[in-house]
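Here is model-v7.json, consisting of JSON, C-alpha atoms:
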[["chain", "number", "residue", "atom", "x", "y", "z"],
["A", 1, "MET", "CA", -11.93, -88.01, 22.97],
["A", 2, "LYS", "CA", -15.26, -86.21, 22.85],
["A", 3, "PRO", "CA", -17.60, -87.79, 20.28],
["A", 4, "ILE", "CA", -18.71, -85.69, 17.35],
["A", 5, "SER", "CA", -22.32, -84.68, 17.79],
["A", 6, "ARG", "CA", -24.57, -85.38, 14.85],
["A", 7, "PRO", "CA", -27.75, -83.44, 14.11],
["A", 8, "ASN", "CA", -30.96, -85.03, 15.25],
["A", 9, "SER", "CA", -32.63, -86.64, 12.24],
["A", 10, "ARG", "CA", -36.08, -85.78, 13.57],
["A", 11, "ALA", "CA", -35.08, -82.13, 13.99],
["A", 12, "SER", "CA", -33.71, -82.11, 10.44],
["A", 13, "LEU", "CA", -36.96, -83.52, 9.08],
["A", 14, "THR", "CA", -38.90, -80.89, 10.99],
["A", 15, "ALA", "CA", -36.68, -78.14, 9.57],
["A", 16, "TRP", "CA", -37.14, -79.46, 6.02],
["A", 17, "ALA", "CA", -40.90, -79.71, 6.57],
["A", 18, "PHE", "CA", -40.97, -75.99, 7.29],
["A", 19, "LEU", "CA", -38.59, -75.14, 4.43],
["A", 20, "ILE", "CA", -40.21, -77.18, 1.65],
["A", 21, "PRO", "CA", -43.36, -74.99, 1.25],
["A", 22, "ALA", "CA", -41.25, -71.82, 1.04],
["A", 23, "LEU", "CA", -38.77, -73.46, -1.34],
["A", 24, "THR", "CA", -41.61, -74.73, -3.51],
["A", 25, "LEU", "CA", -43.21, -71.29, -3.70],
["A", 26, "LEU", "CA", -39.81, -69.69, -4.39],
["A", 27, "SER", "CA", -39.08, -72.19, -7.15],
["A", 28, "LEU", "CA", -42.47, -71.73, -8.82],
["A", 29, "SER", "CA", -42.46, -67.93, -8.62],
["A", 30, "VAL", "CA", -38.76, -67.08, -9.04],
["A", 31, "LEU", "CA", -36.30, -69.86, -9.85],
["A", 32, "ILE", "CA", -38.22, -71.69, -12.59],
["A", 33, "PRO", "CA", -39.33, -68.45, -14.39],
["A", 34, "ALA", "CA", -35.75, -67.16, -14.16],
["A", 35, "GLY", "CA", -34.44, -70.36, -15.70],
["A", 36, "MET", "CA", -37.05, -70.20, -18.46],
["A", 37, "ALA", "CA", -36.14, -66.56, -19.17],
["A", 38, "LEU", "CA", -32.47, -67.51, -19.41],
["A", 39, "LEU", "CA", -33.35, -70.32, -21.84],
["A", 40, "MET", "CA", -35.56, -68.03, -23.91],
["A", 41, "SER", "CA", -32.73, -65.52, -24.23],
["A", 42, "PHE", "CA", -31.10, -67.93, -26.66],
["A", 43, "THR", "CA", -34.27, -68.62, -28.65],
["A", 44, "GLN", "CA", -36.65, -66.86, -30.98],
["A", 45, "THR", "CA", -40.14, -66.96, -29.52],
["A", 46, "GLY", "CA", -43.27, -64.87, -29.21],
["A", 47, "LEU", "CA", -46.36, -64.98, -27.03],
["A", 48, "ASP", "CA", -47.45, -68.43, -28.20],
["A", 49, "VAL", "CA", -45.62, -70.67, -25.76],
["A", 50, "SER", "CA", -47.03, -73.79, -27.44],
["A", 51, "GLU", "CA", -44.70, -73.27, -30.40],
["A", 52, "PRO", "CA", -41.39, -75.17, -30.26],
["A", 53, "LEU", "CA", -38.39, -73.10, -29.22],
["A", 54, "GLN", "CA", -36.07, -72.10, -32.06],
["A", 55, "PHE", "CA", -32.54, -71.84, -30.75],
["A", 56, "ILE", "CA", -30.66, -68.95, -32.31],
["A", 57, "GLY", "CA", -27.55, -68.96, -30.13],
["A", 58, "LEU", "CA", -26.13, -65.54, -29.30],
["A", 59, "ALA", "CA", -28.19, -63.65, -31.88],
["A", 60, "ASN", "CA", -30.14, -61.79, -29.20],
["A", 61, "VAL", "CA", -26.92, -60.90, -27.39],
["A", 62, "ARG", "CA", -25.43, -59.52, -30.60],
["A", 63, "ARG", "CA", -28.64, -57.57, -31.17],
["A", 64, "LEU", "CA", -28.40, -56.19, -27.66],
["A", 65, "ILE", "CA", -24.81, -55.06, -28.15],
["A", 66, "GLY", "CA", -25.75, -53.23, -31.35],
["A", 67, "ASP", "CA", -29.03, -51.76, -30.03],
["A", 68, "PRO", "CA", -28.69, -47.96, -29.58],
["A", 69, "MET", "CA", -31.93, -47.80, -27.57],
["A", 70, "PHE", "CA", -30.48, -50.25, -25.04],
["A", 71, "TYR", "CA", -27.55, -47.91, -24.38],
["A", 72, "ARG", "CA", -29.91, -44.97, -24.12],
["A", 73, "VAL", "CA", -32.14, -46.64, -21.53],
["A", 74, "LEU", "CA", -29.03, -47.90, -19.73],
["A", 75, "SER", "CA", -27.68, -44.35, -19.48],
["A", 76, "THR", "CA", -31.10, -43.12, -18.28],
["A", 77, "THR", "CA", -31.11, -45.85, -15.62],
["A", 78, "LEU", "CA", -27.60, -44.89, -14.49],
["A", 79, "ILE", "CA", -28.62, -41.22, -14.31],
["A", 80, "TYR", "CA", -31.62, -42.26, -12.24],
["A", 81, "LEU", "CA", -29.34, -44.26, -9.96],
["A", 82, "VAL", "CA", -26.87, -41.41, -9.48],
["A", 83, "GLY", "CA", -29.68, -38.90, -8.96],
["A", 84, "VAL", "CA", -31.51, -41.01, -6.35],
["A", 85, "VAL", "CA", -28.96, -42.97, -4.31],
["A", 86, "PRO", "CA", -26.75, -40.17, -2.84],
["A", 87, "PRO", "CA", -29.71, -37.97, -1.78],
["A", 88, "ILE", "CA", -31.63, -40.92, -0.33],
["A", 89, "VAL", "CA", -28.62, -42.17, 1.66],
["A", 90, "LEU", "CA", -27.72, -38.71, 2.99],
["A", 91, "GLY", "CA", -31.33, -37.68, 3.58],
["A", 92, "ALA", "CA", -32.23, -40.90, 5.40],
["A", 93, "LEU", "CA", -29.13, -40.60, 7.59],
["A", 94, "VAL", "CA", -29.95, -37.00, 8.51],
["A", 95, "LEU", "CA", -33.55, -37.92, 9.33],
["A", 96, "ALA", "CA", -32.37, -40.84, 11.47],
["A", 97, "VAL", "CA", -30.04, -38.57, 13.44],
["A", 98, "LEU", "CA", -32.84, -36.03, 13.94],
["A", 99, "VAL", "CA", -35.37, -38.57, 15.25],
["A", 100, "ASN", "CA", -32.83, -40.46, 17.37],
["A", 101, "ARG", "CA", -33.59, -38.23, 20.33],
["A", 102, "VAL", "CA", -35.55, -38.53, 23.54],
["A", 103, "LEU", "CA", -38.14, -35.80, 23.02],
["A", 104, "PRO", "CA", -41.89, -35.52, 23.68],
["A", 105, "GLY", "CA", -43.84, -36.85, 20.72],
["A", 106, "ILE", "CA", -40.75, -38.19, 18.90],
["A", 107, "HIS", "CA", -42.62, -41.41, 18.07],
["A", 108, "TRP", "CA", -45.22, -39.41, 16.16],
["A", 109, "LEU", "CA", -42.46, -37.66, 14.21],
["A", 110, "ARG", "CA", -40.90, -40.99, 13.29],
["A", 111, "ALA", "CA", -44.30, -42.27, 12.19],
["A", 112, "ALA", "CA", -44.82, -39.16, 10.05],
["A", 113, "PHE", "CA", -41.52, -39.71, 8.24],
["A", 114, "TYR", "CA", -42.33, -43.40, 7.74],
["A", 115, "THR", "CA", -45.89, -42.85, 6.46],
["A", 116, "PRO", "CA", -44.89, -42.44, 2.75],
["A", 117, "VAL", "CA", -43.49, -45.99, 2.84],
["A", 118, "LEU", "CA", -46.98, -47.29, 3.64],
["A", 119, "VAL", "CA", -48.58, -45.44, 0.73],
["A", 120, "SER", "CA", -49.05, -47.57, -2.38],
["A", 121, "ILE", "CA", -46.73, -46.59, -5.20],
["A", 122, "VAL", "CA", -49.77, -46.46, -7.49],
["A", 123, "VAL", "CA", -51.48, -43.93, -5.22],
["A", 124, "ALA", "CA", -48.25, -41.93, -4.84],
["A", 125, "ALA", "CA", -47.59, -41.81, -8.59],
["A", 126, "ILE", "CA", -51.14, -40.72, -9.40],
["A", 127, "ALA", "CA", -51.05, -38.08, -6.66],
["A", 128, "PHE", "CA", -47.73, -36.67, -7.87],
["A", 129, "ARG", "CA", -48.96, -36.71, -11.47],
["A", 130, "TRP", "CA", -51.83, -34.51, -10.37],
["A", 131, "LEU", "CA", -49.45, -32.24, -8.42],
["A", 132, "TYR", "CA", -47.22, -31.89, -11.50],
["A", 133, "ALA", "CA", -50.09, -31.22, -13.93],
["A", 134, "GLU", "CA", -50.30, -27.93, -15.81],
["A", 135, "ASN", "CA", -53.35, -26.99, -13.73],
["A", 136, "GLY", "CA", -52.12, -28.93, -10.69],
["A", 137, "LEU", "CA", -51.39, -27.82, -7.17],
["A", 138, "ILE", "CA", -47.73, -26.85, -7.67],
["A", 139, "ASN", "CA", -48.36, -24.70, -10.74],
["A", 140, "GLY", "CA", -51.41, -23.25, -8.99],
["A", 141, "TRP", "CA", -49.35, -22.18, -5.98],
["A", 142, "LEU", "CA", -46.56, -20.77, -8.14],
["A", 143, "GLY", "CA", -49.09, -18.92, -10.28],
["A", 144, "ALA", "CA", -50.67, -17.39, -7.17],
["A", 145, "LEU", "CA", -47.26, -16.29, -5.88],
["A", 146, "ILE", "CA", -45.80, -14.94, -9.14],
["A", 147, "GLY", "CA", -48.91, -13.48, -10.72],
["A", 148, "SER", "CA", -50.32, -13.18, -14.21],
["A", 149, "GLY", "CA", -46.94, -13.48, -15.94],
["A", 150, "PHE", "CA", -46.37, -17.03, -14.71],
["A", 151, "MET", "CA", -46.08, -19.77, -17.32],
["A", 152, "PRO", "CA", -46.97, -23.26, -16.05],
["A", 153, "ILE", "CA", -43.97, -25.56, -15.65],
["A", 154, "ASP", "CA", -44.04, -28.73, -17.76],
["A", 155, "PHE", "CA", -42.86, -31.15, -15.09],
["A", 156, "LEU", "CA", -43.82, -34.35, -16.91],
["A", 157, "THR", "CA", -43.85, -33.16, -20.53],
["A", 158, "SER", "CA", -40.40, -31.57, -20.66],
["A", 159, "PRO", "CA", -37.49, -33.93, -21.46],
["A", 160, "LEU", "CA", -35.30, -32.00, -19.01],
["A", 161, "LEU", "CA", -37.72, -32.05, -16.07],
["A", 162, "ALA", "CA", -39.53, -35.36, -16.46],
["A", 163, "LEU", "CA", -36.78, -37.59, -15.06],
["A", 164, "PRO", "CA", -36.02, -35.40, -11.99],
["A", 165, "SER", "CA", -39.77, -35.18, -11.33],
["A", 166, "VAL", "CA", -40.06, -38.97, -11.28],
["A", 167, "MET", "CA", -36.93, -39.21, -9.10],
["A", 168, "LEU", "CA", -38.64, -37.05, -6.50],
["A", 169, "VAL", "CA", -41.39, -39.65, -6.07],
["A", 170, "THR", "CA", -38.78, -42.35, -5.41],
["A", 171, "LEU", "CA", -37.07, -40.13, -2.86],
["A", 172, "TRP", "CA", -40.34, -39.29, -1.11],
["A", 173, "LYS", "CA", -41.29, -42.97, -0.94],
["A", 174, "GLY", "CA", -37.93, -44.33, 0.18],
["A", 175, "LEU", "CA", -36.56, -41.88, 2.75],
["A", 176, "GLY", "CA", -38.61, -43.22, 5.66],
["A", 177, "TYR", "CA", -37.74, -46.85, 4.91],
["A", 178, "TYR", "CA", -33.99, -46.27, 4.90],
["A", 179, "MET", "CA", -34.32, -43.92, 7.88],
["A", 180, "VAL", "CA", -35.54, -46.89, 9.96],
["A", 181, "ILE", "CA", -32.47, -48.92, 8.95],
["A", 182, "PHE", "CA", -30.14, -46.11, 10.03],
["A", 183, "LEU", "CA", -32.15, -45.58, 13.19],
["A", 184, "GLY", "CA", -31.60, -49.20, 14.15],
["A", 185, "GLY", "CA", -27.86, -48.73, 13.69],
["A", 186, "LEU", "CA", -27.81, -45.48, 15.66],
["A", 187, "GLN", "CA", -29.59, -47.02, 18.63],
["A", 188, "GLY", "CA", -26.93, -49.72, 18.74],
["A", 189, "ILE", "CA", -24.15, -47.18, 19.34],
["A", 190, "PRO", "CA", -23.35, -46.78, 23.08],
["A", 191, "THR", "CA", -23.99, -43.27, 24.40],
["A", 192, "GLU", "CA", -20.70, -43.48, 26.29],
["A", 193, "LEU", "CA", -18.84, -43.03, 23.03],
["A", 194, "TYR", "CA", -20.55, -39.70, 22.39],
["A", 195, "GLU", "CA", -19.88, -38.60, 25.96],
["A", 196, "ALA", "CA", -16.20, -39.45, 25.60],
["A", 197, "ALA", "CA", -16.09, -37.60, 22.27],
["A", 198, "GLU", "CA", -17.57, -34.49, 23.91],
["A", 199, "LEU", "CA", -14.84, -34.59, 26.55],
["A", 200, "ASP", "CA", -12.30, -34.58, 23.73],
["A", 201, "GLY", "CA", -13.93, -31.48, 22.22],
["A", 202, "SER", "CA", -16.03, -33.21, 19.54],
["A", 203, "GLU", "CA", -19.46, -31.55, 19.72],
["A", 204, "GLY", "CA", -22.46, -30.95, 17.49],
["A", 205, "TRP", "CA", -22.25, -32.49, 14.04],
["A", 206, "ARG", "CA", -18.52, -33.12, 14.51],
["A", 207, "LYS", "CA", -19.25, -36.05, 16.86],
["A", 208, "HIS", "CA", -21.34, -37.67, 14.15],
["A", 209, "VAL", "CA", -18.39, -37.40, 11.77],
["A", 210, "ASP", "CA", -16.04, -38.89, 14.37],
["A", 211, "ILE", "CA", -18.34, -41.52, 15.88],
["A", 212, "THR", "CA", -21.53, -42.09, 13.89],
["A", 213, "LEU", "CA", -20.21, -42.39, 10.35],
["A", 214, "PRO", "CA", -17.42, -44.91, 11.09],
["A", 215, "LEU", "CA", -19.71, -47.13, 13.17],
["A", 216, "LEU", "CA", -22.54, -46.94, 10.62],
["A", 217, "ARG", "CA", -20.31, -47.93, 7.70],
["A", 218, "PRO", "CA", -21.98, -51.37, 7.24],
["A", 219, "TYR", "CA", -25.41, -49.69, 7.28],
["A", 220, "LEU", "CA", -24.26, -47.05, 4.80],
["A", 221, "MET", "CA", -23.07, -49.76, 2.42],
["A", 222, "LEU", "CA", -26.28, -51.73, 2.86],
["A", 223, "VAL", "CA", -28.55, -48.75, 2.21],
["A", 224, "ALA", "CA", -26.44, -47.58, -0.73],
["A", 225, "VAL", "CA", -26.58, -50.94, -2.45],
["A", 226, "ILE", "CA", -30.24, -51.82, -1.84],
["A", 227, "SER", "CA", -31.33, -48.31, -2.86],
["A", 228, "ALA", "CA", -29.15, -48.60, -5.97],
["A", 229, "ILE", "CA", -30.75, -51.94, -6.83],
["A", 230, "ALA", "CA", -34.21, -50.46, -6.28],
["A", 231, "ALA", "CA", -33.36, -47.45, -8.47],
["A", 232, "THR", "CA", -32.03, -49.76, -11.18],
["A", 233, "LYS", "CA", -35.32, -51.70, -11.20],
["A", 234, "VAL", "CA", -37.62, -48.66, -11.15],
["A", 235, "PHE", "CA", -40.78, -49.25, -13.18],
["A", 236, "GLU", "CA", -44.06, -48.27, -11.50],
["A", 237, "GLU", "CA", -43.30, -44.56, -11.28],
["A", 238, "VAL", "CA", -42.29, -44.40, -14.95],
["A", 239, "PHE", "CA", -45.23, -46.51, -16.14],
["A", 240, "LEU", "CA", -47.85, -44.53, -14.22],
["A", 241, "MET", "CA", -46.46, -41.02, -14.69],
["A", 242, "THR", "CA", -44.72, -40.74, -18.07],
["A", 243, "GLN", "CA", -44.97, -44.05, -19.98],
["A", 244, "GLY", "CA", -41.26, -43.64, -20.76],
["A", 245, "GLY", "CA", -41.70, -40.20, -22.34],
["A", 246, "PRO", "CA", -41.37, -37.50, -23.32],
["A", 247, "ALA", "CA", -39.00, -38.45, -26.15],
["A", 248, "ASP", "CA", -37.88, -41.56, -24.21],
["A", 249, "SER", "CA", -36.30, -39.35, -21.57],
["A", 250, "THR", "CA", -37.66, -41.48, -18.71],
["A", 251, "ARG", "CA", -37.47, -44.92, -20.33],
["A", 252, "THR", "CA", -35.49, -47.16, -17.98],
["A", 253, "LEU", "CA", -34.19, -50.71, -18.36],
["A", 254, "VAL", "CA", -37.17, -52.37, -16.70],
["A", 255, "TYR", "CA", -39.62, -50.30, -18.72],
["A", 256, "TYR", "CA", -37.67, -51.25, -21.87],
["A", 257, "VAL", "CA", -38.08, -54.93, -20.94],
["A", 258, "TYR", "CA", -41.82, -54.37, -20.49],
["A", 259, "ASP", "CA", -42.06, -52.46, -23.76],
["A", 260, "GLN", "CA", -40.23, -55.13, -25.76],
["A", 261, "ALA", "CA", -42.23, -57.96, -24.22],
["A", 262, "PHE", "CA", -45.77, -56.59, -24.26],
["A", 263, "ALA", "CA", -45.75, -53.80, -26.83],
["A", 264, "GLU", "CA", -43.34, -55.18, -29.46],
["A", 265, "LEU", "CA", -44.03, -58.85, -28.55],
["A", 266, "GLU", "CA", -40.28, -59.56, -28.64],
["A", 267, "ILE", "CA", -40.34, -61.99, -25.71],
["A", 268, "SER", "CA", -36.93, -63.54, -26.29],
["A", 269, "TYR", "CA", -35.22, -60.18, -26.75],
["A", 270, "ALA", "CA", -36.95, -58.86, -23.62],
["A", 271, "CYS", "CA", -35.51, -61.84, -21.73],
["A", 272, "THR", "CA", -32.05, -60.90, -23.02],
["A", 273, "VAL", "CA", -32.44, -57.33, -21.79],
["A", 274, "GLY", "CA", -33.68, -58.74, -18.48],
["A", 275, "LEU", "CA", -30.56, -60.89, -18.31],
["A", 276, "ALA", "CA", -28.42, -57.77, -18.75],
["A", 277, "LEU", "CA", -30.37, -56.14, -15.91],
["A", 278, "PHE", "CA", -29.77, -59.21, -13.73],
["A", 279, "LEU", "CA", -26.02, -58.95, -14.35],
["A", 280, "ILE", "CA", -26.06, -55.27, -13.36],
["A", 281, "VAL", "CA", -27.89, -56.05, -10.11],
["A", 282, "LEU", "CA", -25.50, -58.95, -9.47],
["A", 283, "LEU", "CA", -22.57, -56.58, -9.96],
["A", 284, "LEU", "CA", -24.00, -54.11, -7.45],
["A", 285, "THR", "CA", -24.48, -56.92, -4.93],
["A", 286, "ALA", "CA", -20.92, -58.14, -5.48],
["A", 287, "ILE", "CA", -19.60, -54.62, -4.91],
["A", 288, "ARG", "CA", -21.53, -54.42, -1.64],
["A", 289, "TYR", "CA", -20.17, -57.81, -0.57],
["A", 290, "GLY", "CA", -16.61, -56.92, -1.55],
["A", 291, "LEU", "CA", -16.43, -53.50, 0.09],
["A", 292, "SER", "CA", -18.11, -54.38, 3.37],
["A", 293, "ASP", "CA", -16.08, -55.77, 6.25],
["A", 294, "ASP", "CA", -19.23, -56.69, 8.19],
["A", 295, "ARG", "CA", -21.24, -59.26, 6.20],
["A", 296, "SER", "CA", -23.77, -59.86, 8.93],
["A", 297, "LEU", "CA", -26.18, -57.38, 7.31],
["A", 298, "ILE", "CA", -26.29, -59.23, 4.00]]

Rendering of file as structure tokens:
Amino acid sequence: MKPISRPNSRASLTAWAFLIPALTLLSLSVLIPAGMALLMSFTQTGLDVSEPLQFIGLANVRRLIGDPMFYRVLSTTLIYLVGVVPPIVLGALVLAVLVNRVLPGIHWLRAAFYTPVLVSIVVAAIAFRWLYAENGLINGWLGALIGSGFMPIDFLTSPLLALPSVMLVTLWKGLGYYMVIFLGGLQGIPTELYEAAELDGSEGWRKHVDITLPLLRPYLMLVAVISAIAATKVFEEVFLMTQGGPADSTRTLVYYVYDQAFAELEISYACTVGLALFLIVLLLTAIRYGLSDDRSLI
């Protein structure tokens, strides 16, 4: 009988030696603060952490359930998710198909599409805020095209246009990133499959429906879920461009957590809202794990 091989103790110690610094940093920056936030969700506390914690049970949870503003920011976050995820998945897939070709200068085209990912979100938000301004570039171009009768469009001061205007920044920033993920999946598909499909009469975009989409299903699920999680946690664009306005039309869950914690000084209630956000993200991750047959991309 072949003896059961046991792991080398020296190799295990070496592995733990490499893991301990990362685990320590992860614990200090993520796990311990998350545990403290969970604990504070059941207490009444403010900014003075030296004060003893006053446990109030599920009072913050009951407050959350009866908070109309929570449901409003939750609906705004869901609208943001629905408005960003389908276009970013479809747009990134189309871009990946377009740049997955052997053409002169294709590497420069890929780099051009990926460049927005490298731009800081602070720089992007400030630049788009200037573009959207009443005397900004977009209104200036439209005014030059239409003439003297043109009324400037209130991109960031209209409750109807503010949220779509912020969504556009997220789309512009994220398309190149998700394009690279799809491009990696496309380059793993054998060209023989497309050649066989062409022999069967599947040409043009039809071959992508017959071959590309089924084989990219794990990548589609991955991009859909991680872009949904990113859209759910959107904060920088809202903070830098609209401050949650006008009339709370762009106030999202993460911005509501920030507002409760640092504007209203309701630290414990902000932790409770953050816990609700964590459960939403956990649900999205569970959906991705449950619907995907290929879990190697997780």

Computed interatomic separation between CA of Gly143 in chain A and CA of Leu131 in chain A (Å): 13.5 Å

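Atom pair CA of Trp130 in chain A / CA of Val238 in chain A has a distance of 14.5 Å (rounded to one decimal).
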
For CA of Lys173 in chain A and CA of Ser120 in chain A, the interatomic separation in Å (one decimal): 9.1 Å

From A:Leu284, A:Ile79, A:Asn139, A:Val117, residue lying nearest Gly174 in chain A [all atoms listed in the file]: A:Val117

Counting all atoms listed in the file, the option among A:Leu163, A:Leu90, A:Ala247, A:Cys271 closest to Leu220 in chain A: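 With all atoms listed in the file as the atom set, the closest residue is A:Leu90.
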
Nearby residues (only C-alpha atoms) at most 12 Å from Gly136 in chain A, same-chain spacing under 3 positions excluded, as an mmCIF file with C-alpha atoms, keeping the file's coordinate frame:
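To be explicit, this is the file written out as result.cif:
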data_model
loop_
_atom_site.group_PDB
_atom_site.id
_atom_site.type_symbol
_atom_site.label_atom_id
_atom_site.label_comp_id
_atom_site.auth_asym_id
_atom_site.auth_seq_id
_atom_site.Cartn_x
_atom_site.Cartn_y
_atom_site.Cartn_z
ATOM 1 C CA ILE A 126 -51.140 -40.720 -9.400
ATOM 2 C CA ALA A 127 -51.050 -38.080 -6.660
ATOM 3 C CA PHE A 128 -47.730 -36.670 -7.870
ATOM 4 C CA ARG A 129 -48.960 -36.710 -11.470
ATOM 5 C CA TRP A 130 -51.830 -34.510 -10.370
ATOM 6 C CA LEU A 131 -49.450 -32.240 -8.420
ATOM 7 C CA TYR A 132 -47.220 -31.890 -11.500
ATOM 8 C CA ALA A 133 -50.090 -31.220 -13.930
ATOM 9 C CA ASN A 139 -48.360 -24.700 -10.740
ATOM 10 C CA GLY A 140 -51.410 -23.250 -8.990
ATOM 11 C CA TRP A 141 -49.350 -22.180 -5.980
ATOM 12 C CA LEU A 142 -46.560 -20.770 -8.140
ATOM 13 C CA GLY A 143 -49.090 -18.920 -10.280
ATOM 14 C CA PRO A 152 -46.970 -23.260 -16.050
ATOM 15 C CA ILE A 153 -43.970 -25.560 -15.650
ATOM 16 C CA ASP A 154 -44.040 -28.730 -17.760
ATOM 17 C CA PHE A 155 -42.860 -31.150 -15.090
ATOM 18 C CA LEU A 156 -43.820 -34.350 -16.910
#

Test item: residues at most 7 Å from Val254 in chain A, all atoms listed in the file, excluding those fewer than 4 positions along its chain, as number ranges by chain: A: 233-235, 258

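Minimum atom-to-atom distances from A:Met241, A:Ala162, A:Val281, A:Ala224 to Val123 in chain A were compared using only C-alpha atoms, and the lowest value belongs to A:Met241.
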
Contact residues around Trp205 in chain A with all atoms listed in the file at 12 Å, ignoring same-chain residues under 5 positions, as number ranges by chain: A: 94, 97-98, 194, 197-198, 210-213
